[in-house]
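Accompanying notes for the structure given below.
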Amino acid sequence: MQQIKFIILIGLVTLVSCKKSKNLSQRTVVSTEERIKVTPMLESATKQLMGQLDKAIRAEKIPRTVNENDSIRWVNPKFDWTEGFFPGSCWYLYESTGDPLWKDGAVLLQKQIESHKFRTDNHDLGFVFNCSFGNGLKITKDEVYKDVLVTAANSLITRFNEKVGCIKSWDVDKGWQSEKGWEYPVIIDNMMNLELLFEVSKLTGDSKYRDIAITHANTTMKNHFRANHSSCHVVDYNPDTGKVRGKYTAQGYSDDSSWARGQAWGLYGYVVCYRYTNDKRYLDQANKIAKYILGRLPEDFVPYWDYDTPDIPNAPRDVSAAAITISALIELDGFTEVSYLKEIDKILKSLSSDVYTAKLGENHNFILKHSVGSIPHGAEIDVPLSYADYYYIEALIRYQRKYMEG
Ligand code: GLY
């Protein structure tokens, strides 16, 4: 049955990818002369990802990046922190175009990851389930998705330690993490898992998820950030006393440097905390992080992979950091008298240029080029990444809704 569904969907995708995306192209867009015209950008992104959806359905796999041998790298079916992003992009494009192919694609692909809602061995369930089933629930109101989110949140909070006041990011008994001597590592990326908890408290009326999210955000604010409002990547805690054992990096240039994607995760995370709590401390924190990031961007507003890497200007860029940053900035813009419009437009203009956006059908149908997974691990350097595309689409949709008429 599943097989038949895939075959029907392949046929439909092939048919539709040859046509123009009707809903988008028919919209009348009115914008001031200076504003970025995001509608054509979203149309091109939609066409590009339609080609990728076709590939994903044929392979029955979820795309992640491109291998060194120039083939698509699919997510690890056992578990992959990036597995929710492509289904999430499909949900966004379903919402934006109304084309049921996107919904069918999202449903079929996210089915592959549903059983991971029981995993308690890592913190990435927020990323995975909020982007996939979470977007699916918001768009379709399908109650089945609610159950999936609640189960995933219950799994995630098993990793919360009251003494520390944080959810543990990585287990330290396996993989490269086991060689570091860490006891209870918490990474800045973990701020991104809190949205699932806030959302599940809203869905269930049970405040325990939200309380954990708030405690985690407060502990992170206290221990991850430096005086200049940049953050380190990893804070290692003593799980018995809650004391900080040390501050490190795993994916940045050095323990004292500012890993670009980490700064973006922090910014996005505190904007989300403000959205759900209205607590001004989170808004202030987000504004301070934004100021730090914007003060360190190069001329074209697309960050190098680490703001402190000594090989700038020859260092690789990280487009994923730019995409996450811009999506967060669009939400943050207007919450206070601080305006980020000028910077938002500059980043979007750069990302949509030929330097960073692939031509239709190239780049294995990923939208954006030049992201970085992890330089210290020698992994995914100067490649497309599914999460760069996810946050870019999210940013385009947010921009369209917030700033454009029509
Ligand atoms: N959360 C993993 C990363 O940003 O690479």
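By order of appearance in the structure tokens: chains A, B, ..., then residues from 1 within every chain, and ligands from 1 in the order shown.
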Segment 204-292 of chain A near segment 182-185 of chain A within 9 Å: what's each residue's closest atom pair and its distance in Å to one decimal, counting only C-alpha atoms, ordered by chain then ascending residue number, as CSV?
residue,atom,partner,partner_atom,distance
A:Val234,CA,A:Pro185,CA,6.2
A:Val235,CA,A:Pro185,CA,5.7
A:Asp236,CA,A:Pro185,CA,4.3
A:Tyr237,CA,A:Tyr184,CA,5.0
A:Asn238,CA,A:Glu183,CA,6.3
A:Pro239,CA,A:Tyr184,CA,6.0
A:Arg245,CA,A:Trp182,CA,8.3
A:Gly246,CA,A:Trp182,CA,8.6
Residues contacting ligand 1 - anything with an atom at most 12 Å away, using only C-alpha atoms and all ligand atoms - can you give me those as a PyMOL selection string? chain A and resi 80-83+122-128+169-170+186-193+233-234+249-252+259-266+305+318+320-321+324+371-377+379-381+385-388
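Ranking A:Glu114, A:Thr97, A:Lys168, A:Thr140 by their shortest atom-to-atom distance to Glu43 of chain A, with only C-alpha atoms included, puts A:Thr97 first.
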Tell me which of A:Asp70, A:Asp382, A:Asp308, A:Asp206 sits closest to Glu362 of chain A, counting only C-alpha atoms.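 Of A:Asp70, A:Asp382, A:Asp308, A:Asp206, the one nearest Glu362 of chain A, counting only C-alpha atoms, is A:Asp70.
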Give the strand (DSSP E or B) residues of segment 16-154 of chain A, as assigned by DSSP on the backbone, as a PyMOL selection string. chain A and resi 30+63-66+72-74
As a VMD selection string, list the residues of segment 174-249 of chain A assigned to helix (DSSP H, G or I) by DSSP on the backbone atoms of this structure. chain A and resid 176 to 179 188 to 204 208 to 223
With distances taken over only C-alpha atoms, which of A:Tyr340, A:Tyr356, A:Tyr307, A:Phe366 is nearest to Leu53 of chain A?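 Closest to Leu53 of chain A of all the choices is A:Phe366.
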Could you give me, as a list in words, the residues within 12 Å of Thr151 of chain A, counting only C-alpha atoms and dropping anything in the same chain fewer than 5 positions from it? Glu114, Ser115, His116, Lys117, Phe118, Arg119, Thr120, Leu125, Gly126, Phe129, Asn130, Phe133, Val144, Tyr145, Lys146, Leu156, Ile157, Thr158, Leu196, Leu197, Val200, Thr204 and Tyr209 of chain A
Output N, CA, C and O atoms for every residue in the selection just made, as a PDB file, in the first residue's frame.
ATOM      1  N   GLU A 114       8.511   8.703  12.536  1.00  0.00           N
ATOM      2  CA  GLU A 114       7.570   8.805  13.665  1.00  0.00           C
ATOM      3  C   GLU A 114       7.999   7.991  14.882  1.00  0.00           C
ATOM      4  O   GLU A 114       7.886   8.440  16.027  1.00  0.00           O
ATOM      5  N   SER A 115       8.540   6.778  14.647  1.00  0.00           N
ATOM      6  CA  SER A 115       8.887   5.900  15.781  1.00  0.00           C
ATOM      7  C   SER A 115      10.005   6.507  16.637  1.00  0.00           C
ATOM      8  O   SER A 115      10.217   6.085  17.784  1.00  0.00           O
ATOM      9  N   HIS A 116      10.692   7.508  16.124  1.00  0.00           N
ATOM     10  CA  HIS A 116      11.772   8.131  16.898  1.00  0.00           C
ATOM     11  C   HIS A 116      11.249   8.984  18.057  1.00  0.00           C
ATOM     12  O   HIS A 116      12.023   9.481  18.862  1.00  0.00           O
ATOM     13  N   LYS A 117       9.923   9.124  18.115  1.00  0.00           N
ATOM     14  CA  LYS A 117       9.332   9.916  19.204  1.00  0.00           C
ATOM     15  C   LYS A 117       9.600   9.277  20.576  1.00  0.00           C
ATOM     16  O   LYS A 117       9.464   9.939  21.607  1.00  0.00           O
ATOM     17  N   PHE A 118       9.980   8.014  20.573  1.00  0.00           N
ATOM     18  CA  PHE A 118      10.262   7.324  21.852  1.00  0.00           C
ATOM     19  C   PHE A 118      11.721   7.450  22.274  1.00  0.00           C
ATOM     20  O   PHE A 118      12.096   6.994  23.337  1.00  0.00           O
ATOM     21  N   ARG A 119      12.570   8.037  21.414  1.00  0.00           N
ATOM     22  CA  ARG A 119      14.007   8.063  21.707  1.00  0.00           C
ATOM     23  C   ARG A 119      14.293   8.986  22.900  1.00  0.00           C
ATOM     24  O   ARG A 119      13.818  10.109  22.949  1.00  0.00           O
ATOM     25  N   THR A 120      15.064   8.474  23.825  1.00  0.00           N
ATOM     26  CA  THR A 120      15.434   9.317  24.972  1.00  0.00           C
ATOM     27  C   THR A 120      16.953   9.490  25.042  1.00  0.00           C
ATOM     28  O   THR A 120      17.483   9.956  26.047  1.00  0.00           O
ATOM     29  N   LEU A 125      15.001  15.846  19.675  1.00  0.00           N
ATOM     30  CA  LEU A 125      13.593  15.577  19.363  1.00  0.00           C
ATOM     31  C   LEU A 125      12.806  16.857  19.092  1.00  0.00           C
ATOM     32  O   LEU A 125      11.821  16.843  18.355  1.00  0.00           O
ATOM     33  N   GLY A 126      13.238  17.967  19.688  1.00  0.00           N
ATOM     34  CA  GLY A 126      12.552  19.240  19.456  1.00  0.00           C
ATOM     35  C   GLY A 126      12.709  19.661  18.006  1.00  0.00           C
ATOM     36  O   GLY A 126      11.736  19.989  17.318  1.00  0.00           O
ATOM     37  N   PHE A 129      10.773  16.870  15.700  1.00  0.00           N
ATOM     38  CA  PHE A 129       9.305  16.755  15.703  1.00  0.00           C
ATOM     39  C   PHE A 129       8.601  18.103  15.558  1.00  0.00           C
ATOM     40  O   PHE A 129       7.520  18.164  14.973  1.00  0.00           O
ATOM     41  N   ASN A 130       9.198  19.157  16.057  1.00  0.00           N
ATOM     42  CA  ASN A 130       8.532  20.448  15.889  1.00  0.00           C
ATOM     43  C   ASN A 130       8.502  20.866  14.417  1.00  0.00           C
ATOM     44  O   ASN A 130       7.489  21.378  13.928  1.00  0.00           O
ATOM     45  N   PHE A 133       6.115  17.126  12.351  1.00  0.00           N
ATOM     46  CA  PHE A 133       4.736  16.961  12.847  1.00  0.00           C
ATOM     47  C   PHE A 133       4.179  18.267  13.428  1.00  0.00           C
ATOM     48  O   PHE A 133       2.978  18.513  13.344  1.00  0.00           O
ATOM     49  N   VAL A 144      -3.907  13.449  15.375  1.00  0.00           N
ATOM     50  CA  VAL A 144      -2.911  12.367  15.468  1.00  0.00           C
ATOM     51  C   VAL A 144      -1.517  12.968  15.661  1.00  0.00           C
ATOM     52  O   VAL A 144      -0.683  12.430  16.395  1.00  0.00           O
ATOM     53  N   TYR A 145      -1.278  14.094  15.003  1.00  0.00           N
ATOM     54  CA  TYR A 145       0.042  14.723  15.117  1.00  0.00           C
ATOM     55  C   TYR A 145       0.278  15.246  16.537  1.00  0.00           C
ATOM     56  O   TYR A 145       1.393  15.299  17.019  1.00  0.00           O
ATOM     57  N   LYS A 146      -0.808  15.654  17.183  1.00  0.00           N
ATOM     58  CA  LYS A 146      -0.689  16.147  18.561  1.00  0.00           C
ATOM     59  C   LYS A 146      -0.121  15.030  19.453  1.00  0.00           C
ATOM     60  O   LYS A 146       0.786  15.268  20.253  1.00  0.00           O
ATOM     61  N   LEU A 156      11.711  13.816  25.504  1.00  0.00           N
ATOM     62  CA  LEU A 156      12.726  14.872  25.654  1.00  0.00           C
ATOM     63  C   LEU A 156      12.924  15.270  27.120  1.00  0.00           C
ATOM     64  O   LEU A 156      14.059  15.429  27.579  1.00  0.00           O
ATOM     65  N   ILE A 157      11.832  15.382  27.876  1.00  0.00           N
ATOM     66  CA  ILE A 157      12.001  15.880  29.252  1.00  0.00           C
ATOM     67  C   ILE A 157      12.599  14.835  30.200  1.00  0.00           C
ATOM     68  O   ILE A 157      12.970  15.166  31.316  1.00  0.00           O
ATOM     69  N   THR A 158      12.726  13.576  29.731  1.00  0.00           N
ATOM     70  CA  THR A 158      13.442  12.600  30.575  1.00  0.00           C
ATOM     71  C   THR A 158      14.903  13.019  30.728  1.00  0.00           C
ATOM     72  O   THR A 158      15.599  12.549  31.617  1.00  0.00           O
ATOM     73  N   LEU A 196       9.204  22.915  21.036  1.00  0.00           N
ATOM     74  CA  LEU A 196       8.340  21.727  21.166  1.00  0.00           C
ATOM     75  C   LEU A 196       7.690  21.698  22.551  1.00  0.00           C
ATOM     76  O   LEU A 196       6.490  21.417  22.688  1.00  0.00           O
ATOM     77  N   LEU A 197       8.484  22.023  23.580  1.00  0.00           N
ATOM     78  CA  LEU A 197       7.958  21.960  24.946  1.00  0.00           C
ATOM     79  C   LEU A 197       6.913  23.045  25.193  1.00  0.00           C
ATOM     80  O   LEU A 197       5.859  22.786  25.780  1.00  0.00           O
ATOM     81  N   VAL A 200       3.765  21.967  23.408  1.00  0.00           N
ATOM     82  CA  VAL A 200       3.045  20.839  24.021  1.00  0.00           C
ATOM     83  C   VAL A 200       2.330  21.286  25.301  1.00  0.00           C
ATOM     84  O   VAL A 200       1.244  20.793  25.614  1.00  0.00           O
ATOM     85  N   THR A 204      -1.646  20.623  25.673  1.00  0.00           N
ATOM     86  CA  THR A 204      -2.157  19.736  26.719  1.00  0.00           C
ATOM     87  C   THR A 204      -2.704  20.489  27.929  1.00  0.00           C
ATOM     88  O   THR A 204      -3.408  19.903  28.755  1.00  0.00           O
ATOM     89  N   TYR A 209       5.990  21.054  30.782  1.00  0.00           N
ATOM     90  CA  TYR A 209       6.915  21.161  29.634  1.00  0.00           C
ATOM     91  C   TYR A 209       7.464  22.596  29.545  1.00  0.00           C
ATOM     92  O   TYR A 209       8.651  22.830  29.371  1.00  0.00           O
TER      93      TYR A 209
END
With only C-alpha atoms as the counted atoms, please give the residues lying no more than 10 Å from segment 210-215 of chain A, apart from itself and same-chain residues fewer than 5 positions off, as a PDB file with N, CA and C atoms, in the first residue's frame.
ATOM      1  N   ILE A 157      11.832  15.382  27.876  1.00  0.00           N
ATOM      2  CA  ILE A 157      12.001  15.880  29.252  1.00  0.00           C
ATOM      3  C   ILE A 157      12.599  14.835  30.200  1.00  0.00           C
ATOM      4  N   PHE A 160      15.944  16.034  31.405  1.00  0.00           N
ATOM      5  CA  PHE A 160      16.070  17.236  32.249  1.00  0.00           C
ATOM      6  C   PHE A 160      16.559  16.852  33.638  1.00  0.00           C
ATOM      7  N   ASN A 161      17.533  17.606  34.143  1.00  0.00           N
ATOM      8  CA  ASN A 161      18.075  17.374  35.483  1.00  0.00           C
ATOM      9  C   ASN A 161      17.838  18.649  36.297  1.00  0.00           C
ATOM     10  N   GLU A 162      17.072  18.517  37.369  1.00  0.00           N
ATOM     11  CA  GLU A 162      16.706  19.700  38.157  1.00  0.00           C
ATOM     12  C   GLU A 162      17.902  20.395  38.781  1.00  0.00           C
ATOM     13  N   VAL A 164      20.879  20.664  37.587  1.00  0.00           N
ATOM     14  CA  VAL A 164      21.554  21.467  36.561  1.00  0.00           C
ATOM     15  C   VAL A 164      20.622  22.574  36.068  1.00  0.00           C
ATOM     16  N   GLY A 165      19.360  22.246  35.916  1.00  0.00           N
ATOM     17  CA  GLY A 165      18.402  23.198  35.347  1.00  0.00           C
ATOM     18  C   GLY A 165      18.457  23.215  33.835  1.00  0.00           C
ATOM     19  N   CYS A 166      18.887  22.103  33.249  1.00  0.00           N
ATOM     20  CA  CYS A 166      18.968  22.008  31.781  1.00  0.00           C
ATOM     21  C   CYS A 166      18.653  20.597  31.312  1.00  0.00           C
ATOM     22  N   ILE A 167      18.272  20.516  30.048  1.00  0.00           N
ATOM     23  CA  ILE A 167      18.143  19.230  29.353  1.00  0.00           C
ATOM     24  C   ILE A 167      19.531  18.860  28.848  1.00  0.00           C
ATOM     25  N   MET A 191      18.686  25.256  22.695  1.00  0.00           N
ATOM     26  CA  MET A 191      17.621  26.269  22.810  1.00  0.00           C
ATOM     27  C   MET A 191      16.529  26.007  21.774  1.00  0.00           C
ATOM     28  N   ASN A 193      15.280  23.220  20.922  1.00  0.00           N
ATOM     29  CA  ASN A 193      14.362  22.122  21.274  1.00  0.00           C
ATOM     30  C   ASN A 193      13.232  22.585  22.195  1.00  0.00           C
ATOM     31  N   LEU A 194      13.320  23.839  22.653  1.00  0.00           N
ATOM     32  CA  LEU A 194      12.332  24.324  23.625  1.00  0.00           C
ATOM     33  C   LEU A 194      10.972  24.616  23.001  1.00  0.00           C
ATOM     34  N   GLU A 195      10.954  24.947  21.725  1.00  0.00           N
ATOM     35  CA  GLU A 195       9.675  25.291  21.078  1.00  0.00           C
ATOM     36  C   GLU A 195       8.695  24.122  21.191  1.00  0.00           C
ATOM     37  N   LEU A 196       9.204  22.915  21.036  1.00  0.00           N
ATOM     38  CA  LEU A 196       8.340  21.727  21.166  1.00  0.00           C
ATOM     39  C   LEU A 196       7.690  21.698  22.551  1.00  0.00           C
ATOM     40  N   LEU A 197       8.484  22.023  23.580  1.00  0.00           N
ATOM     41  CA  LEU A 197       7.958  21.960  24.946  1.00  0.00           C
ATOM     42  C   LEU A 197       6.913  23.045  25.193  1.00  0.00           C
ATOM     43  N   PHE A 198       7.188  24.262  24.748  1.00  0.00           N
ATOM     44  CA  PHE A 198       6.194  25.349  24.882  1.00  0.00           C
ATOM     45  C   PHE A 198       4.900  24.957  24.174  1.00  0.00           C
ATOM     46  N   GLU A 199       5.058  24.414  22.993  1.00  0.00           N
ATOM     47  CA  GLU A 199       3.895  24.074  22.167  1.00  0.00           C
ATOM     48  C   GLU A 199       3.076  22.961  22.837  1.00  0.00           C
ATOM     49  N   VAL A 200       3.765  21.967  23.408  1.00  0.00           N
ATOM     50  CA  VAL A 200       3.045  20.839  24.021  1.00  0.00           C
ATOM     51  C   VAL A 200       2.330  21.286  25.301  1.00  0.00           C
ATOM     52  N   SER A 201       2.887  22.234  26.014  1.00  0.00           N
ATOM     53  CA  SER A 201       2.135  22.781  27.165  1.00  0.00           C
ATOM     54  C   SER A 201       0.859  23.452  26.685  1.00  0.00           C
ATOM     55  N   LYS A 202       0.945  24.169  25.587  1.00  0.00           N
ATOM     56  CA  LYS A 202      -0.263  24.812  25.043  1.00  0.00           C
ATOM     57  C   LYS A 202      -1.288  23.758  24.616  1.00  0.00           C
ATOM     58  N   GLY A 205      -2.321  21.747  28.069  1.00  0.00           N
ATOM     59  CA  GLY A 205      -2.700  22.497  29.269  1.00  0.00           C
ATOM     60  C   GLY A 205      -1.837  22.119  30.470  1.00  0.00           C
ATOM     61  N   THR A 220      20.717  28.588  30.657  1.00  0.00           N
ATOM     62  CA  THR A 220      21.569  28.845  29.491  1.00  0.00           C
ATOM     63  C   THR A 220      21.952  30.325  29.416  1.00  0.00           C
ATOM     64  N   MET A 221      20.996  31.181  29.729  1.00  0.00           N
ATOM     65  CA  MET A 221      21.288  32.624  29.697  1.00  0.00           C
ATOM     66  C   MET A 221      22.396  32.961  30.700  1.00  0.00           C
ATOM     67  N   CYS A 273      11.398  31.936  22.989  1.00  0.00           N
ATOM     68  CA  CYS A 273      11.043  32.048  24.414  1.00  0.00           C
ATOM     69  C   CYS A 273      10.191  33.293  24.645  1.00  0.00           C
ATOM     70  N   TYR A 276       6.512  32.828  23.471  1.00  0.00           N
ATOM     71  CA  TYR A 276       5.633  32.006  24.312  1.00  0.00           C
ATOM     72  C   TYR A 276       5.430  32.564  25.723  1.00  0.00           C
ATOM     73  N   THR A 277       6.339  33.451  26.170  1.00  0.00           N
ATOM     74  CA  THR A 277       6.238  33.886  27.569  1.00  0.00           C
ATOM     75  C   THR A 277       5.963  35.372  27.742  1.00  0.00           C
TER      76      THR A 277
END
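For the choices A:Thr357, A:Val319, A:Asp54, A:Val271, the atom-to-atom distance to Asp306 of chain A is smallest for A:Val319 when using only C-alpha atoms.
Distances to Phe225 of chain A were evaluated for A:Ser155, A:Ser257, A:Asn363, A:Ser178 using only C-alpha atoms, and the minimum falls at A:Ser257.
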